[in-house]
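*Asks:* One file is attached below, data-v2.csv, containing CSV, C-alpha atoms.
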chain,number,residue,atom,x,y,z
N,526,MET,CA,-134.8,-151.5,139.9
N,527,ASP,CA,-131.4,-152.8,140.8
N,528,LEU,CA,-130.5,-149.3,141.8
N,529,ILE,CA,-133.5,-148.9,144.1
N,530,LEU,CA,-133.4,-152.3,145.7
N,531,PRO,CA,-129.9,-153.8,145.9
N,532,SER,CA,-129.4,-157.5,146.3
N,533,SER,CA,-128.5,-159.1,149.6
N,534,GLY,CA,-125.0,-160.0,148.5
N,535,LEU,CA,-124.2,-156.4,147.6
N,536,ILE,CA,-125.6,-155.3,151.0
N,537,PHE,CA,-123.4,-157.9,152.7
N,538,TRP,CA,-120.3,-156.9,150.9
N,539,GLN,CA,-120.9,-153.2,151.4
N,540,LEU,CA,-121.6,-153.9,155.1
N,541,PHE,CA,-118.4,-156.0,155.3
N,542,GLY,CA,-116.3,-153.3,153.6
N,543,PHE,CA,-117.8,-150.6,155.8
N,544,LEU,CA,-117.1,-152.6,159.0
N,545,ALA,CA,-113.6,-153.4,157.8
N,546,LEU,CA,-113.0,-149.7,157.0
N,547,LEU,CA,-114.5,-148.8,160.4
N,548,PHE,CA,-112.3,-151.3,162.2
N,549,ILE,CA,-109.2,-150.0,160.4
N,550,LEU,CA,-110.2,-146.4,161.1
N,551,ILE,CA,-110.8,-147.2,164.8
N,552,LYS,CA,-107.6,-149.2,165.1
N,553,PHE,CA,-105.3,-146.8,163.3
N,554,ALA,CA,-106.9,-143.4,162.7
N,555,TRP,CA,-109.4,-142.9,165.6
N,556,LYS,CA,-106.8,-142.7,168.4
N,557,PRO,CA,-104.4,-140.2,166.5
N,558,MET,CA,-107.5,-138.1,165.6
N,559,LEU,CA,-108.7,-138.1,169.2
N,560,ALA,CA,-105.2,-137.3,170.4
N,561,ALA,CA,-104.9,-134.5,167.9
N,562,ILE,CA,-108.3,-133.1,169.0
N,563,GLU,CA,-107.4,-133.4,172.7
N,564,GLU,CA,-104.1,-131.8,172.0
N,565,ARG,CA,-105.8,-129.0,170.0
N,566,GLU,CA,-108.3,-128.6,172.9
N,567,THR,CA,-105.5,-128.5,175.4
N,568,SER,CA,-103.6,-125.9,173.4
N,569,ILE,CA,-106.7,-123.8,173.0
N,570,ASN,CA,-107.3,-124.0,176.8
N,571,ASN,CA,-103.7,-123.1,177.5
N,572,ALA,CA,-103.9,-120.2,175.1
N,573,LEU,CA,-107.1,-119.0,176.8
N,574,LYS,CA,-105.4,-119.3,180.2
N,575,ALA,CA,-102.3,-117.5,178.9
N,576,ALA,CA,-104.6,-114.7,177.5
N,577,GLU,CA,-106.4,-114.4,180.8
N,578,THR,CA,-103.1,-114.3,182.7
N,579,ALA,CA,-101.8,-111.7,180.2
N,580,ARG,CA,-105.0,-109.7,180.7
N,581,ASN,CA,-104.6,-109.9,184.5
N,582,GLU,CA,-101.0,-108.8,184.2
N,583,MET,CA,-101.9,-105.9,182.0
N,584,ALA,CA,-104.6,-104.9,184.5
N,585,ASN,CA,-102.0,-105.1,187.3
N,586,LEU,CA,-99.5,-103.2,185.3
N,587,LYS,CA,-102.0,-100.5,184.4
N,588,ALA,CA,-103.0,-100.2,188.1
N,589,GLU,CA,-99.3,-100.1,189.1
N,590,ASN,CA,-98.7,-97.4,186.4
N,591,GLU,CA,-101.6,-95.4,187.7
N,592,LYS,CA,-100.3,-95.7,191.2
N,593,LEU,CA,-96.8,-94.6,190.1
N,594,LEU,CA,-98.3,-91.7,188.2
N,595,ALA,CA,-100.3,-90.7,191.3
N,596,GLU,CA,-97.1,-90.9,193.4
N,597,ALA,CA,-95.2,-88.9,190.9
N,598,ARG,CA,-97.9,-86.2,190.8
N,599,LEU,CA,-97.9,-86.1,194.6
N,600,GLU,CA,-94.1,-85.8,194.7
N,601,ARG,CA,-94.2,-83.1,192.0
N,602,ASP,CA,-96.8,-81.2,194.0
N,603,THR,CA,-94.7,-81.6,197.2
N,604,ILE,CA,-91.6,-80.3,195.4
N,605,LEU,CA,-93.4,-77.4,193.9
N,606,LYS,CA,-94.9,-76.5,197.4
N,607,LYS,CA,-91.5,-76.7,199.0
N,608,ALA,CA,-90.0,-74.5,196.2
N,609,GLN,CA,-92.8,-72.0,196.6
N,610,ASP,CA,-92.4,-71.9,200.4
N,611,ALA,CA,-88.6,-71.5,200.0
N,612,SER,CA,-89.1,-68.6,197.6
N,613,VAL,CA,-91.6,-66.9,199.9
N,614,LYS,CA,-89.2,-67.4,202.8
N,615,MET,CA,-86.3,-66.0,200.8
N,616,ILE,CA,-88.4,-63.0,199.8
N,617,ASP,CA,-89.5,-62.4,203.4
N,618,ASP,CA,-85.9,-62.8,204.7
N,619,ALA,CA,-84.7,-60.3,202.1
N,620,LYS,CA,-87.4,-57.8,203.0
N,621,GLU,CA,-86.6,-58.2,206.7
N,622,GLU,CA,-82.9,-57.8,206.0
N,623,ALA,CA,-83.6,-54.7,203.9
N,624,VAL,CA,-85.8,-53.2,206.8
N,625,LYS,CA,-82.9,-53.9,209.2
N,626,ALA,CA,-80.4,-52.4,206.9
N,627,GLY,CA,-82.6,-49.3,206.4
N,628,ALA,CA,-83.1,-48.9,210.1
N,629,LEU,CA,-79.4,-49.2,210.7
N,630,MET,CA,-78.8,-46.6,208.0
N,631,ILE,CA,-81.4,-44.3,209.6
N,632,GLU,CA,-79.8,-44.8,213.0
N,633,ASN,CA,-76.3,-44.1,211.6
N,634,ALA,CA,-77.6,-41.0,209.8
N,635,LYS,CA,-79.3,-39.8,213.1
N,636,ALA,CA,-76.0,-40.4,214.9
N,637,VAL,CA,-74.1,-38.4,212.3
N,638,ILE,CA,-76.7,-35.6,212.4
N,639,GLU,CA,-76.6,-35.5,216.2
N,640,THR,CA,-72.8,-35.4,216.1
N,641,GLU,CA,-72.8,-32.6,213.6
N,642,LYS,CA,-75.5,-30.8,215.6
N,643,LYS,CA,-73.4,-31.0,218.7
N,644,ALA,CA,-70.3,-29.9,216.8
N,645,ALA,CA,-72.3,-26.9,215.3
N,646,LEU,CA,-73.7,-26.0,218.8
N,647,ALA,CA,-70.2,-26.2,220.3
N,648,ASP,CA,-68.9,-24.0,217.4
N,649,VAL,CA,-71.8,-21.5,218.0
N,650,LYS,CA,-71.1,-21.5,221.7
N,651,SER,CA,-67.4,-21.0,221.0
N,652,GLN,CA,-68.2,-18.1,218.7
N,653,VAL,CA,-70.7,-16.6,221.1
N,654,ALA,CA,-68.2,-16.8,223.9
N,655,SER,CA,-65.5,-15.3,221.7
N,656,LEU,CA,-67.8,-12.5,220.6
N,657,SER,CA,-68.8,-11.9,224.2
N,658,LEU,CA,-65.2,-11.7,225.2
N,659,ASP,CA,-64.5,-9.3,222.4
N,660,ILE,CA,-67.5,-7.2,223.3
N,661,THR,CA,-66.5,-7.2,226.9
N,662,GLU,CA,-62.9,-6.3,226.1
N,663,LYS,CA,-64.0,-3.5,223.9
N,664,LEU,CA,-66.5,-2.2,226.4
N,665,LEU,CA,-63.9,-2.2,229.1
N,666,ARG,CA,-61.5,-0.3,226.9
N,667,ALA,CA,-64.0,2.3,225.9
N,668,ASN,CA,-65.1,5.0,228.1
N,669,LEU,CA,-68.8,4.6,228.4
N,670,SER,CA,-69.7,7.5,230.6
N,671,ASP,CA,-71.7,9.4,228.0
N,672,ASP,CA,-74.5,8.4,225.8
N,673,LYS,CA,-72.9,9.4,222.6
N,674,SER,CA,-69.9,7.2,223.1
N,675,GLN,CA,-72.1,4.3,224.0
N,676,LYS,CA,-74.2,4.7,220.8
N,677,ASP,CA,-71.0,5.0,218.7
N,678,LEU,CA,-69.7,1.8,220.3
N,679,VAL,CA,-72.9,-0.1,219.6
N,680,GLU,CA,-73.0,1.1,216.0
N,681,GLY,CA,-69.4,0.1,215.6
N,682,PHE,CA,-70.2,-3.4,216.9
N,683,ILE,CA,-73.1,-3.7,214.5
N,684,LYS,CA,-70.9,-2.7,211.6
N,685,GLU,CA,-68.4,-5.3,212.6
N,686,LEU,CA,-71.0,-8.0,212.9
N,687,LYS,CA,-72.3,-7.3,209.4
N,688,LEU,CA,-68.8,-7.6,208.0
N,689,ASN,CA,-68.2,-11.0,209.6
Re-express the file's structure as structure tokens.
*Replies:*
Amino acid sequence: MDLILPSSGLIFWQLFGFLALLFILIKFAWKPMLAAIEERETSINNALKAAETARNEMANLKAENEKLLAEARLERDTILKKAQDASVKMIDDAKEEAVKAGALMIENAKAVIETEKKAALADVKSQVASLSLDITEKLLRANLSDDKSQKDLVEGFIKELKLN
């Protein structure tokens, strides 16, 4: 029964040992344990704040990266549009220049043709005049009083024309 109901001296000494141990723990161990707990709590709070700051920075960096990507895409589209406009302009300029060059070539060809036509007409006129003079000269030389001599003269002219 001693185990179930302890004596009063045992209770006193156990209470005295407990209070002494409690005093020693409060005096020497309680403050360092509380300081360690507070330090741990502070470091956890600082880590949470740092994590929150890092998360905010990551969100800001992500937003900034998206903004930079959007700007780069816009700049790329602008550059492509300018390049396309420049190529269209170059093609249009080349077509216009080709049309002008073709018109100039046609104009030059017309001028050459006109010059050659005038030269040919002048040559034909010169030949007609020469032939007319020859015919007139031959007519004046020949005696054209009778029909037979006139017919012979015309036939002779025709033979000469065929030879030339």
*Asks:* Using CA of Asn590 in chain N and CA of Leu573 in chain N as the two end points, give the distance in Å to one decimal.
*Replies:*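 Value for the CA of Asn590 in chain N-CA of Leu573 in chain N distance: 25.1 Å.
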*Asks:* Which distance in Å separates CA of Asn633 in chain N and CA of Ala645 in chain N, to one decimal?
*Replies:* 18.0 Å
*Asks:* For CA of Glu685 in chain N and CA of Ala654 in chain N, quote the distance in Å rounded to one decimal.
*Replies:*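 CA of Ala654 in chain N lies 16.1 Å from CA of Glu685 in chain N.
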*Asks:* Since fewer atoms than expected are present, regenerate N, CA and C atoms for range 572-608 of chain N and write them as an mmCIF file, in the frame of the given file.
*Replies:*
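This went into rebuild_17.cif:
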data_model
loop_
_atom_site.group_PDB
_atom_site.id
_atom_site.type_symbol
_atom_site.label_atom_id
_atom_site.label_comp_id
_atom_site.auth_asym_id
_atom_site.auth_seq_id
_atom_site.Cartn_x
_atom_site.Cartn_y
_atom_site.Cartn_z
ATOM 1 N N ALA N 572 -103.960 -121.512 175.683
ATOM 2 C CA ALA N 572 -103.900 -120.200 175.100
ATOM 3 C C ALA N 572 -104.916 -119.248 175.783
ATOM 4 N N LEU N 573 -106.106 -119.784 176.093
ATOM 5 C CA LEU N 573 -107.100 -119.000 176.800
ATOM 6 C C LEU N 573 -106.601 -118.606 178.207
ATOM 7 N N LYS N 574 -105.985 -119.584 178.894
ATOM 8 C CA LYS N 574 -105.400 -119.300 180.200
ATOM 9 C C LYS N 574 -104.304 -118.257 180.131
ATOM 10 N N ALA N 575 -103.448 -118.412 179.104
ATOM 11 C CA ALA N 575 -102.300 -117.500 178.900
ATOM 12 C C ALA N 575 -102.909 -116.071 178.612
ATOM 13 N N ALA N 576 -103.957 -116.020 177.796
ATOM 14 C CA ALA N 576 -104.600 -114.700 177.500
ATOM 15 C C ALA N 576 -105.180 -114.110 178.736
ATOM 16 N N GLU N 577 -105.836 -114.922 179.549
ATOM 17 C CA GLU N 577 -106.400 -114.400 180.800
ATOM 18 C C GLU N 577 -105.314 -113.935 181.735
ATOM 19 N N THR N 578 -104.218 -114.701 181.832
ATOM 20 C CA THR N 578 -103.100 -114.300 182.700
ATOM 21 C C THR N 578 -102.486 -112.985 182.150
ATOM 22 N N ALA N 579 -102.330 -112.892 180.822
ATOM 23 C CA ALA N 579 -101.800 -111.700 180.200
ATOM 24 C C ALA N 579 -102.722 -110.489 180.502
ATOM 25 N N ARG N 580 -104.039 -110.717 180.397
ATOM 26 C CA ARG N 580 -105.000 -109.700 180.700
ATOM 27 C C ARG N 580 -104.899 -109.217 182.131
ATOM 28 N N ASN N 581 -104.785 -110.187 183.046
ATOM 29 C CA ASN N 581 -104.600 -109.900 184.500
ATOM 30 C C ASN N 581 -103.329 -109.081 184.722
ATOM 31 N N GLU N 582 -102.246 -109.529 184.076
ATOM 32 C CA GLU N 582 -101.000 -108.800 184.200
ATOM 33 C C GLU N 582 -101.067 -107.410 183.673
ATOM 34 N N MET N 583 -101.743 -107.263 182.537
ATOM 35 C CA MET N 583 -101.900 -105.900 182.000
ATOM 36 C C MET N 583 -102.739 -105.043 182.918
ATOM 37 N N ALA N 584 -103.779 -105.623 183.516
ATOM 38 C CA ALA N 584 -104.600 -104.900 184.500
ATOM 39 C C ALA N 584 -103.725 -104.470 185.674
ATOM 40 N N ASN N 585 -102.902 -105.416 186.166
ATOM 41 C CA ASN N 585 -102.000 -105.100 187.300
ATOM 42 C C ASN N 585 -100.998 -104.042 186.923
ATOM 43 N N LEU N 586 -100.418 -104.174 185.714
ATOM 44 C CA LEU N 586 -99.500 -103.200 185.300
ATOM 45 C C LEU N 586 -100.112 -101.803 185.115
ATOM 46 N N LYS N 587 -101.324 -101.792 184.596
ATOM 47 C CA LYS N 587 -102.000 -100.500 184.400
ATOM 48 C C LYS N 587 -102.300 -99.908 185.809
ATOM 49 N N ALA N 588 -102.754 -100.738 186.753
ATOM 50 C CA ALA N 588 -103.000 -100.200 188.100
ATOM 51 C C ALA N 588 -101.699 -99.732 188.733
ATOM 52 N N GLU N 589 -100.616 -100.467 188.527
ATOM 53 C CA GLU N 589 -99.300 -100.100 189.100
ATOM 54 C C GLU N 589 -98.845 -98.756 188.423
ATOM 55 N N ASN N 590 -99.053 -98.644 187.116
ATOM 56 C CA ASN N 590 -98.700 -97.400 186.400
ATOM 57 C C ASN N 590 -99.499 -96.228 186.939
ATOM 58 N N GLU N 591 -100.788 -96.441 187.156
ATOM 59 C CA GLU N 591 -101.600 -95.400 187.700
ATOM 60 C C GLU N 591 -101.138 -94.987 189.106
ATOM 61 N N LYS N 592 -100.763 -95.987 189.885
ATOM 62 C CA LYS N 592 -100.300 -95.700 191.200
ATOM 63 C C LYS N 592 -98.951 -94.923 191.159
ATOM 64 N N LEU N 593 -98.046 -95.336 190.254
ATOM 65 C CA LEU N 593 -96.800 -94.600 190.100
ATOM 66 C C LEU N 593 -97.027 -93.186 189.607
ATOM 67 N N LEU N 594 -97.966 -93.014 188.699
ATOM 68 C CA LEU N 594 -98.300 -91.700 188.200
ATOM 69 C C LEU N 594 -98.845 -90.812 189.352
ATOM 70 N N ALA N 595 -99.716 -91.415 190.166
ATOM 71 C CA ALA N 595 -100.300 -90.700 191.300
ATOM 72 C C ALA N 595 -99.162 -90.276 192.278
ATOM 73 N N GLU N 596 -98.246 -91.204 192.542
ATOM 74 C CA GLU N 596 -97.100 -90.900 193.400
ATOM 75 C C GLU N 596 -96.241 -89.807 192.846
ATOM 76 N N ALA N 597 -95.983 -89.895 191.533
ATOM 77 C CA ALA N 597 -95.200 -88.900 190.900
ATOM 78 C C ALA N 597 -95.827 -87.521 190.933
ATOM 79 N N ARG N 598 -97.132 -87.489 190.714
ATOM 80 C CA ARG N 598 -97.900 -86.200 190.800
ATOM 81 C C ARG N 598 -97.790 -85.658 192.217
ATOM 82 N N LEU N 599 -97.972 -86.536 193.197
ATOM 83 C CA LEU N 599 -97.900 -86.100 194.600
ATOM 84 C C LEU N 599 -96.517 -85.557 194.923
ATOM 85 N N GLU N 600 -95.487 -86.267 194.469
ATOM 86 C CA GLU N 600 -94.100 -85.800 194.700
ATOM 87 C C GLU N 600 -93.848 -84.497 194.005
ATOM 88 N N ARG N 601 -94.356 -84.359 192.764
ATOM 89 C CA ARG N 601 -94.200 -83.100 192.000
ATOM 90 C C ARG N 601 -94.868 -81.958 192.785
ATOM 91 N N ASP N 602 -96.084 -82.212 193.267
ATOM 92 C CA ASP N 602 -96.800 -81.200 194.000
ATOM 93 C C ASP N 602 -96.054 -80.808 195.289
ATOM 94 N N THR N 603 -95.496 -81.815 195.956
ATOM 95 C CA THR N 603 -94.700 -81.600 197.200
ATOM 96 C C THR N 603 -93.493 -80.726 196.876
ATOM 97 N N ILE N 604 -92.795 -81.077 195.808
ATOM 98 C CA ILE N 604 -91.600 -80.300 195.400
ATOM 99 C C ILE N 604 -91.944 -78.895 195.076
ATOM 100 N N LEU N 605 -93.016 -78.720 194.305
ATOM 101 C CA LEU N 605 -93.400 -77.400 193.900
ATOM 102 C C LEU N 605 -93.836 -76.564 195.175
ATOM 103 N N LYS N 606 -94.519 -77.206 196.125
ATOM 104 C CA LYS N 606 -94.900 -76.500 197.400
ATOM 105 C C LYS N 606 -93.696 -76.101 198.152
ATOM 106 N N LYS N 607 -92.716 -77.015 198.245
ATOM 107 C CA LYS N 607 -91.500 -76.700 199.000
ATOM 108 C C LYS N 607 -90.755 -75.537 198.303
ATOM 109 N N ALA N 608 -90.689 -75.574 196.968
ATOM 110 C CA ALA N 608 -90.000 -74.500 196.200
ATOM 111 C C ALA N 608 -90.721 -73.171 196.433
#
